>>> print(open('my_file_33.cif').read())   # mmCIF, C-alpha atoms
data_work
#
loop_
_atom_site.label_atom_id
_atom_site.label_comp_id
_atom_site.auth_asym_id
_atom_site.auth_seq_id
_atom_site.Cartn_x
_atom_site.Cartn_y
_atom_site.Cartn_z
CA MET I 281 0.00 0.00 0.00
CA PRO I 282 1.49 3.39 -0.97
CA THR I 283 2.41 5.91 1.71
CA ALA I 284 0.66 9.28 1.87
CA LYS I 285 3.73 10.84 0.26
CA GLN I 286 3.62 8.39 -2.63
CA SER I 287 -0.10 9.00 -3.09
CA ILE I 288 0.50 12.74 -3.24
CA GLU I 289 3.31 12.33 -5.77
CA SER I 290 1.04 10.36 -8.08
CA SER I 291 -1.92 12.74 -7.73
CA PRO I 292 -3.11 14.92 -10.64
CA GLN I 293 -2.47 18.03 -8.52
CA TYR I 294 1.18 17.16 -7.89
CA LEU I 295 1.75 16.17 -11.50
CA THR I 296 0.17 19.43 -12.68
CA LEU I 297 2.45 21.48 -10.42
CA THR I 298 5.60 19.60 -11.42
CA SER I 299 4.70 19.93 -15.08
CA TYR I 300 4.37 23.67 -14.53
CA THR I 301 7.68 24.02 -12.68
CA ASN I 302 9.41 22.02 -15.41
CA PHE I 303 8.08 24.48 -18.02
CA LEU I 304 5.90 21.82 -19.65
CA SER I 305 2.69 23.76 -19.02
CA THR I 306 1.77 27.43 -19.31
CA ASP I 307 0.27 29.61 -16.58
CA LEU I 308 -3.08 29.51 -18.33
CA ASN I 309 -3.15 25.74 -18.77
CA THR I 310 -2.02 25.16 -15.21
CA LEU I 311 -4.66 27.48 -13.75
CA THR I 312 -7.35 25.91 -15.90
CA THR I 313 -6.35 22.41 -14.82
CA LEU I 314 -6.15 23.28 -11.12
CA THR I 315 -9.46 25.13 -10.98
CA SER I 316 -11.61 23.07 -13.32
CA SER I 317 -12.09 20.30 -10.76
CA ILE I 318 -14.24 22.57 -8.61
CA THR I 319 -17.55 23.42 -10.25
CA PRO I 320 -20.85 24.87 -8.99
CA THR I 321 -22.10 21.35 -8.28
CA THR I 322 -19.00 19.98 -6.54
CA PRO I 323 -19.91 18.62 -3.06
CA THR I 324 -18.18 20.13 -0.03
CA THR I 325 -16.45 16.86 0.86
CA THR I 326 -15.02 16.59 -2.64
CA ILE I 327 -13.73 20.17 -2.48
CA SER I 328 -12.10 19.46 0.88
CA THR I 329 -10.36 16.33 -0.40
CA TYR I 330 -9.22 18.10 -3.55
CA LEU I 331 -7.76 21.04 -1.60
CA GLU I 332 -6.03 18.73 0.88
CA THR I 333 -4.24 17.00 -1.97
CA LEU I 334 -3.48 20.26 -3.77
CA TRP I 335 -1.94 22.02 -0.78
CA ASN I 336 -0.02 18.95 0.38
CA SER I 337 1.28 18.61 -3.18
CA LEU I 338 2.45 22.21 -3.16
CA LEU I 339 4.13 21.97 0.23
CA LEU I 340 5.82 18.67 -0.60
CA LEU I 341 7.09 20.07 -3.89
CA VAL I 342 8.56 23.26 -2.40
CA SER I 343 10.11 21.31 0.48
CA GLN I 344 12.03 19.26 -2.05
CA THR I 345 13.08 22.29 -4.10
CA GLU I 346 16.46 23.91 -3.34
CA TRP I 347 15.86 27.06 -1.30
CA SER I 348 17.58 29.36 -3.80
CA SER I 349 15.72 27.98 -6.83
CA LEU I 350 13.58 30.35 -8.90
CA THR I 351 10.89 27.68 -8.74
CA HIS I 352 9.77 29.16 -5.42
CA GLN I 353 9.06 32.48 -7.12
CA LYS I 354 7.34 30.75 -10.01
CA LEU I 355 4.98 28.86 -7.69
CA SER I 356 4.45 31.92 -5.52
CA LEU I 357 3.27 33.96 -8.48
CA LEU I 358 1.07 31.08 -9.62
CA LEU I 359 -0.64 31.09 -6.22
CA HIS I 360 -1.27 34.80 -6.38
CA ARG I 361 -2.67 34.47 -9.86
CA LEU I 362 -4.87 31.68 -8.58
CA GLN I 363 -6.21 34.17 -6.03
CA THR I 364 -7.50 36.34 -8.86
CA HIS I 365 -9.38 33.42 -10.35
CA SER I 366 -13.14 33.58 -9.96
CA SER I 367 -15.85 31.31 -11.27
CA GLU I 368 -17.95 34.43 -11.73
CA SER I 369 -15.52 36.41 -13.84
CA SER I 370 -12.60 34.62 -15.45
CA SER I 371 -12.06 36.35 -18.73
CA TYR I 372 -8.39 35.38 -18.84
CA LEU I 373 -9.54 31.76 -18.73
CA GLY I 374 -11.86 32.39 -21.64
CA LYS I 375 -15.05 32.37 -19.55
CA THR I 376 -17.65 35.05 -20.08
CA GLU I 377 -20.78 33.62 -18.46
CA VAL I 378 -21.61 34.25 -14.83
CA GLU I 379 -21.73 30.96 -12.92
CA PRO I 380 -23.04 30.21 -9.44
CA LEU I 381 -20.42 29.35 -6.85
CA PRO I 382 -20.30 26.08 -4.91
CA ILE I 383 -20.85 26.26 -1.16
CA TYR I 384 -17.86 25.36 0.99
CA ASN I 385 -17.73 25.68 4.78
CA ASP I 386 -21.13 27.39 4.75
CA THR I 387 -20.06 30.14 2.39
CA GLU I 388 -19.48 30.61 -1.32
CA PHE I 389 -16.28 29.00 -2.50
CA SER I 390 -13.67 31.50 -3.66
CA TRP I 391 -10.11 30.95 -4.82
CA SER I 392 -9.28 34.50 -3.71
CA GLN I 393 -8.89 33.26 -0.14
CA LEU I 394 -6.74 30.27 -1.16
CA PRO I 395 -9.09 28.24 1.05
CA ASP I 396 -7.45 26.03 3.66
CA LEU I 397 -3.86 26.72 2.49
CA ASN I 398 -2.87 28.42 5.74
CA ILE I 399 -4.31 25.48 7.68
CA TYR I 400 -1.96 23.10 5.91
CA ILE I 401 1.02 25.44 6.17
CA ARG I 402 0.40 25.71 9.91
CA ASP I 403 0.12 21.93 10.18
CA TRP I 404 3.38 21.35 8.30
CA TYR I 405 5.05 24.02 10.44
CA ASN I 406 4.51 21.84 13.50
CA PHE I 407 7.10 19.36 12.23
CA SER I 408 10.36 21.31 12.19
CA PRO I 409 13.43 19.04 12.53
CA PRO I 410 14.61 20.56 15.85
CA PHE I 411 11.28 19.89 17.59
CA SER I 412 9.84 16.90 15.75
CA PRO I 413 12.76 14.90 14.36
CA SER I 414 10.74 11.72 14.03
CA SER I 415 7.31 13.21 13.29
CA THR I 416 5.91 13.87 9.88
CA PRO I 417 3.25 15.95 8.11
CA LEU I 418 2.80 13.07 5.64
CA GLN I 419 3.28 9.35 6.09
CA GLY I 420 6.51 8.52 4.28
CA PHE I 421 7.99 12.01 4.58
CA THR I 422 10.03 13.44 7.45
CA PHE I 423 11.70 16.84 7.17
CA SER I 424 15.45 16.89 6.74
CA ASN I 425 17.15 20.14 7.75
CA GLN I 426 17.47 21.10 4.09
CA GLU I 427 13.81 20.40 3.33
CA TRP I 428 12.80 22.53 6.31
CA VAL I 429 14.93 25.38 4.99
CA ASN I 430 13.38 24.91 1.54
CA LEU I 431 9.83 25.14 2.91
CA ASN I 432 10.66 28.36 4.74
CA ALA I 433 12.27 29.75 1.60
CA PHE I 434 8.96 29.31 -0.16
CA LEU I 435 7.06 31.02 2.68
CA ALA I 436 9.57 33.87 2.57
CA THR I 437 9.02 34.15 -1.17
CA LEU I 438 5.25 34.19 -0.65
CA THR I 439 5.69 36.97 1.90
CA ARG I 440 7.87 38.98 -0.46
CA THR I 441 5.48 38.47 -3.36
CA SER I 442 2.35 39.33 -1.38
CA LEU I 443 3.87 42.57 -0.07
CA THR I 444 5.20 43.90 -3.38
CA SER I 445 3.60 45.50 -6.39
CA GLU I 446 3.84 42.23 -8.30
CA THR I 447 0.48 41.21 -6.87
CA PRO I 448 -2.83 42.94 -6.11
CA ASN I 449 -2.80 45.26 -3.10
CA ASN I 450 -5.76 43.44 -1.58
CA THR I 451 -4.03 40.08 -1.29
CA PRO I 452 -5.87 38.62 1.72
CA THR I 453 -3.29 36.13 2.97
CA ASP I 454 -0.42 37.17 5.24
CA TYR I 455 2.50 34.80 5.76
CA SER I 456 4.82 37.18 7.62
CA LEU I 457 4.08 35.64 11.02
CA TYR I 458 6.14 32.63 9.94
CA ALA I 459 9.10 35.00 9.58
CA LEU I 460 8.78 35.95 13.24
CA TRP I 461 8.43 32.35 14.33
CA SER I 462 11.62 31.49 12.48
CA LEU I 463 13.64 34.54 13.52
CA ARG I 464 12.50 34.13 17.12
CA SER I 465 14.98 31.26 17.41
CA LEU I 466 17.72 33.93 17.42
CA GLU I 467 16.18 35.70 20.41
CA VAL I 468 18.17 33.94 23.12
CA GLU I 469 20.89 34.96 25.53
CA THR I 470 24.24 35.43 23.78
CA GLU I 471 25.77 32.44 25.55
CA SER I 472 22.96 30.23 24.18
CA LEU I 473 23.58 31.04 20.52
CA ASN I 474 26.15 28.27 20.23
CA THR I 475 23.47 25.71 21.13
CA LEU I 476 21.04 26.68 18.37
CA ASP I 477 20.04 23.95 15.96
CA PRO I 478 21.65 24.38 12.50
CA ALA I 479 18.21 24.15 10.87
CA ASP I 480 16.99 27.10 12.95
CA ILE I 481 20.01 29.22 12.05
CA GLN I 482 19.76 28.46 8.34
CA THR I 483 16.02 29.03 8.26
CA ALA I 484 16.30 32.40 10.00
CA ALA I 485 19.05 33.44 7.58
CA VAL I 486 17.05 32.35 4.53
CA TRP I 487 14.06 34.44 5.63
CA ILE I 488 16.28 37.52 5.78
CA VAL I 489 18.10 36.79 2.53
CA ILE I 490 14.85 36.35 0.61
CA ALA I 491 12.47 38.82 2.27
CA LYS I 492 14.81 41.35 3.90
CA THR I 493 13.15 44.47 2.46
CA GLU I 494 9.62 43.39 3.33
CA ILE I 495 10.61 42.26 6.84
CA TYR I 496 12.40 45.54 7.49
CA LYS I 497 9.37 47.51 6.31
CA LEU I 498 7.21 45.53 8.73
CA CYS I 499 9.72 46.35 11.48
CA LYS I 500 9.67 50.05 10.60
CA ALA I 501 5.86 49.99 10.62
CA ASN I 502 5.80 48.18 14.01
CA THR I 503 3.38 45.63 12.58
CA GLU I 504 1.79 43.69 15.44
CA TYR I 505 -0.38 40.61 15.98
CA GLU I 506 -3.02 39.81 18.53
CA GLY I 507 -2.22 37.90 21.69
CA ASN I 508 1.14 36.20 22.14
CA LEU I 509 1.56 34.89 18.61
CA ALA I 510 4.56 37.15 18.03
CA ARG I 511 6.06 37.09 21.53
CA GLY I 512 9.80 37.39 22.00
CA GLY I 513 12.15 34.44 22.29
CA ASP I 514 13.40 32.96 25.55
CA GLY I 515 16.02 35.66 26.04
CA PHE I 516 13.67 38.58 25.40
CA ARG I 517 10.31 37.63 26.92
CA GLU I 518 10.35 40.71 29.14
CA LYS I 519 10.27 42.99 26.09
CA GLY I 520 6.58 42.35 25.59
CA TRP I 521 6.97 42.26 21.82
CA LYS I 522 3.79 41.66 19.84
CA GLY I 523 5.20 41.85 16.34
CA PHE I 524 7.90 43.40 14.23
CA SER I 525 10.06 46.29 15.41
CA VAL I 526 13.40 47.90 14.58
CA GLU I 527 14.61 46.87 18.04
CA ARG I 528 13.88 43.27 17.15
CA TRP I 529 15.63 43.67 13.80
CA ARG I 530 18.77 44.81 15.67
CA VAL I 531 18.59 41.75 17.94
CA TRP I 532 18.55 39.47 14.90
CA GLU I 533 21.40 41.39 13.30
CA ASP I 534 23.52 41.10 16.45
CA ALA I 535 22.72 37.40 16.75
CA PHE I 536 23.90 36.72 13.20
CA GLY I 537 27.15 38.54 13.99
CA GLU I 538 27.69 36.45 17.11
CA ILE I 539 26.87 33.20 15.28
CA LEU I 540 29.34 34.06 12.54
CA GLU I 541 32.08 34.56 15.12
CA LEU I 542 31.21 31.30 16.87
CA GLU I 543 31.23 29.32 13.62
CA SER I 544 34.50 30.91 12.52
CA GLU I 545 36.16 29.88 15.78
CA LYS I 546 35.30 26.22 15.25
CA GLU I 547 37.90 23.97 13.66
CA GLU I 548 35.29 22.81 11.19
CA GLY I 549 32.58 25.42 11.02
CA GLU I 550 29.59 24.41 8.92
CA VAL I 551 30.20 25.95 5.51
CA GLU I 552 26.53 26.33 4.57
CA ILE I 553 25.69 28.03 7.86
CA ILE I 554 28.62 30.43 7.53
CA ARG I 555 27.67 31.25 3.94
CA LEU I 556 24.01 31.90 4.73
CA VAL I 557 24.70 33.88 7.90
CA LYS I 558 27.21 36.05 6.04
CA GLN I 559 24.58 36.75 3.38
CA ALA I 560 21.99 37.62 6.00
CA GLU I 561 24.39 39.88 7.87
CA VAL I 562 25.34 41.76 4.70
CA VAL I 563 21.78 42.31 3.47
CA MET I 564 20.64 43.45 6.92
CA ARG I 565 23.35 46.09 6.97
CA MET I 566 22.41 47.20 3.46
CA VAL I 567 18.68 47.41 4.17
CA GLY I 568 19.15 49.27 7.45
CA ALA I 569 21.88 51.58 6.15
CA GLY I 570 19.39 54.30 5.27
CA ASP I 571 18.56 54.80 8.95
CA SER I 572 22.14 55.16 10.09
#
>>> encode(input="my_file_33.cif", output="structure tokens")
Amino acid sequence: MPTAKQSIESSPQYLTLTSYTNFLSTDLNTLTTLTSSITPTTPTTTISTYLETLWNSLLLLVSQTEWSSLTHQKLSLLLHRLQTHSSESSSYLGKTEVEPLPIYNDTEFSWSQLPDLNIYIRDWYNFSPPFSPSSTPLQGFTFSNQEWVNLNAFLATLTRTSLTSETPNNTPTDYSLYALWSLRSLEVETESLNTLDPADIQTAAVWIVIAKTEIYKLCKANTEYEGNLARGGDGFREKGWKGFSVERWRVWEDAFGEILELESEKEEGEVEIIRLVKQAEVVMRMVGAGDS
């Protein structure tokens, strides 16, 4: 019997996405294929099953895609174009007639909300290698450090794309909280930095390398979240942080500097960590230079 991972990899949704990333299908054909399975008469349970497979296919694919690959940007832009898809008005898909919308979760189904995607992202985010080394979001798949970094690279790309002029200003989905959850691993006492998991260091660095400008803008704007979702890390709980801030940006910048020194002092510092941390440190200085 195939594992959940194998079932995903053989699904039409996964094959459609891989065909697209391999330049075997156009934007238009891919969007048509992905959206045509949900019609005005599609039952709610069928929609739910279809979306579960679609989002797991997407997350599995990006997790297995090198963090620096342009495929992340390609899929990010596809998602945002999917958000503009509507069964009521889809002229770019060649549709001109107004169609009724199926009902899903007691409301009209709309691709503009990328329904359920954040639920699956949040679920996958529970299985980071440092905290769940033997757990898995899919039977047959357990995150390696590199795959965890790759997933976060995609989320960073989504954040960058959703906050730039490349996409509509009313994009309803915000992924920036995942940046804080990743960068929060750096918010420890200085003497604890040498105990950080390599996956946490690399992931934090990748977020900065990919989405530095957008993250810094959020810090400058003091963007906050409700409750304790964006609380500070173990070394900064007393700060009462509720979101992004320039003060927090400086903490991350200092942490990268300390980590770089610690890695350089080792006889065999991890080359990939040193490379990524150096990149993060450089881009942070560049982005924040205008305030100096």
>>> atom_distance(input="my_file_33.cif", atom1="CA of Asn474 in chain I", atom2="CA of Asn425 in chain I")
17.4 Å
>>> resolve_selection(input="my_file_33.cif", expression="the PyMOL selection byres ((chain I and resi 348) around 12)", output="PyMOL selection string")
chain I and resi 342-347+349-353+426+429-434+436-437+486-487+489-490+556
>>> write_last_selection(input="my_file_33.cif", atoms="C-alpha atoms", output="compact mmCIF listing (two decimals), keeping the file's coordinate frame")
# COMPACT_ATOMS: atom_id res chain seq x y z
CA VAL I 342 8.56 23.26 -2.40
CA SER I 343 10.11 21.31 0.48
CA GLN I 344 12.03 19.26 -2.05
CA THR I 345 13.08 22.29 -4.10
CA GLU I 346 16.46 23.91 -3.34
CA TRP I 347 15.86 27.06 -1.30
CA SER I 349 15.72 27.98 -6.83
CA LEU I 350 13.58 30.35 -8.90
CA THR I 351 10.89 27.68 -8.74
CA HIS I 352 9.77 29.16 -5.42
CA GLN I 353 9.06 32.48 -7.12
CA GLN I 426 17.47 21.10 4.09
CA VAL I 429 14.93 25.38 4.99
CA ASN I 430 13.38 24.91 1.54
CA LEU I 431 9.83 25.14 2.91
CA ASN I 432 10.66 28.36 4.74
CA ALA I 433 12.27 29.75 1.60
CA PHE I 434 8.96 29.31 -0.16
CA ALA I 436 9.57 33.87 2.57
CA THR I 437 9.02 34.15 -1.17
CA VAL I 486 17.05 32.35 4.53
CA TRP I 487 14.06 34.44 5.63
CA VAL I 489 18.10 36.79 2.53
CA ILE I 490 14.85 36.35 0.61
CA LEU I 556 24.01 31.90 4.73
>>> residues_around(input="my_file_33.cif", residues="Leu334 in chain I", least_positions_apart="5", cutoff="12 Å", atoms="only C-alpha atoms", output="VMD selection string")
chain I and resid 287 to 298 313 to 315 317 327 to 329 339 to 341 359 394 to 397 400
>>> residues_around(input="my_file_33.cif", residues="range 527-539 of chain I", least_positions_apart="4", cutoff="9 Å", atoms="only C-alpha atoms", output="list in words")
Leu463, Arg464, Leu466, Glu467, Val468, Thr470, Leu473, Asn474, Ile481, Ala484, Ala485, Ile495, Tyr496, Cys499, Gly512, Trp521, Gly523, Glu543, Ser544, Ile554, Val557, Lys558, Ala560, Glu561, Met564 and Arg565 of chain I
>>> atom_distance(input="my_file_33.cif", atom1="CA of Trp404 in chain I", atom2="CA of Thr439 in chain I")
17.0 Å
>>> resolve_selection(input="my_file_33.cif", expression="the PyMOL selection byres ((chain I and resi 398) around 12)", output="PDB file with C-alpha atoms, in the coordinates of the input")
ATOM      1  CA  LEU I 331      -7.760  21.040  -1.600  1.00  0.00           C
ATOM      2  CA  GLU I 332      -6.030  18.730   0.880  1.00  0.00           C
ATOM      3  CA  TRP I 335      -1.940  22.020  -0.780  1.00  0.00           C
ATOM      4  CA  ASN I 336      -0.020  18.950   0.380  1.00  0.00           C
ATOM      5  CA  LEU I 339       4.130  21.970   0.230  1.00  0.00           C
ATOM      6  CA  GLN I 393      -8.890  33.260  -0.140  1.00  0.00           C
ATOM      7  CA  LEU I 394      -6.740  30.270  -1.160  1.00  0.00           C
ATOM      8  CA  PRO I 395      -9.090  28.240   1.050  1.00  0.00           C
ATOM      9  CA  ASP I 396      -7.450  26.030   3.660  1.00  0.00           C
ATOM     10  CA  LEU I 397      -3.860  26.720   2.490  1.00  0.00           C
ATOM     11  CA  ILE I 399      -4.310  25.480   7.680  1.00  0.00           C
ATOM     12  CA  TYR I 400      -1.960  23.100   5.910  1.00  0.00           C
ATOM     13  CA  ILE I 401       1.020  25.440   6.170  1.00  0.00           C
ATOM     14  CA  ARG I 402       0.400  25.710   9.910  1.00  0.00           C
ATOM     15  CA  ASP I 403       0.120  21.930  10.180  1.00  0.00           C
ATOM     16  CA  TRP I 404       3.380  21.350   8.300  1.00  0.00           C
ATOM     17  CA  TYR I 405       5.050  24.020  10.440  1.00  0.00           C
ATOM     18  CA  LEU I 435       7.060  31.020   2.680  1.00  0.00           C
ATOM     19  CA  LEU I 438       5.250  34.190  -0.650  1.00  0.00           C
ATOM     20  CA  PRO I 452      -5.870  38.620   1.720  1.00  0.00           C
ATOM     21  CA  THR I 453      -3.290  36.130   2.970  1.00  0.00           C
ATOM     22  CA  ASP I 454      -0.420  37.170   5.240  1.00  0.00           C
ATOM     23  CA  TYR I 455       2.500  34.800   5.760  1.00  0.00           C
ATOM     24  CA  SER I 456       4.820  37.180   7.620  1.00  0.00           C
ATOM     25  CA  LEU I 457       4.080  35.640  11.020  1.00  0.00           C
ATOM     26  CA  TYR I 458       6.140  32.630   9.940  1.00  0.00           C
TER      27      TYR I 458
END
>>> atom_distance(input="my_file_33.cif", atom1="CA of Thr312 in chain I", atom2="CA of His360 in chain I")
14.4 Å
>>> residues_near_point(input="my_file_33.cif", point="(-16.8, 23.9, -7.6)", cutoff="7 Å", atoms="all atoms listed in the file", output="ChimeraX atom specification")
/I:317-322,381-382
>>> residues_around(input="my_file_33.cif", residues="Thr364 in chain I", least_positions_apart="2", cutoff="8 Å", atoms="all atoms listed in the file", output="PyMOL selection string")
chain I and resi 360-362+366+391-392
>>> closest_residue(input="my_file_33.cif", among="I:Gln286, I:Ser442, I:Ser415, I:Thr325", to="Leu358 in chain I", atoms="all atoms listed in the file")
I:Ser442
>>> closest_residue(input="my_file_33.cif", among="I:Leu460, I:Leu540, I:Val551, I:Ile488", to="Glu504 in chain I", atoms="all atoms listed in the file")
I:Leu460
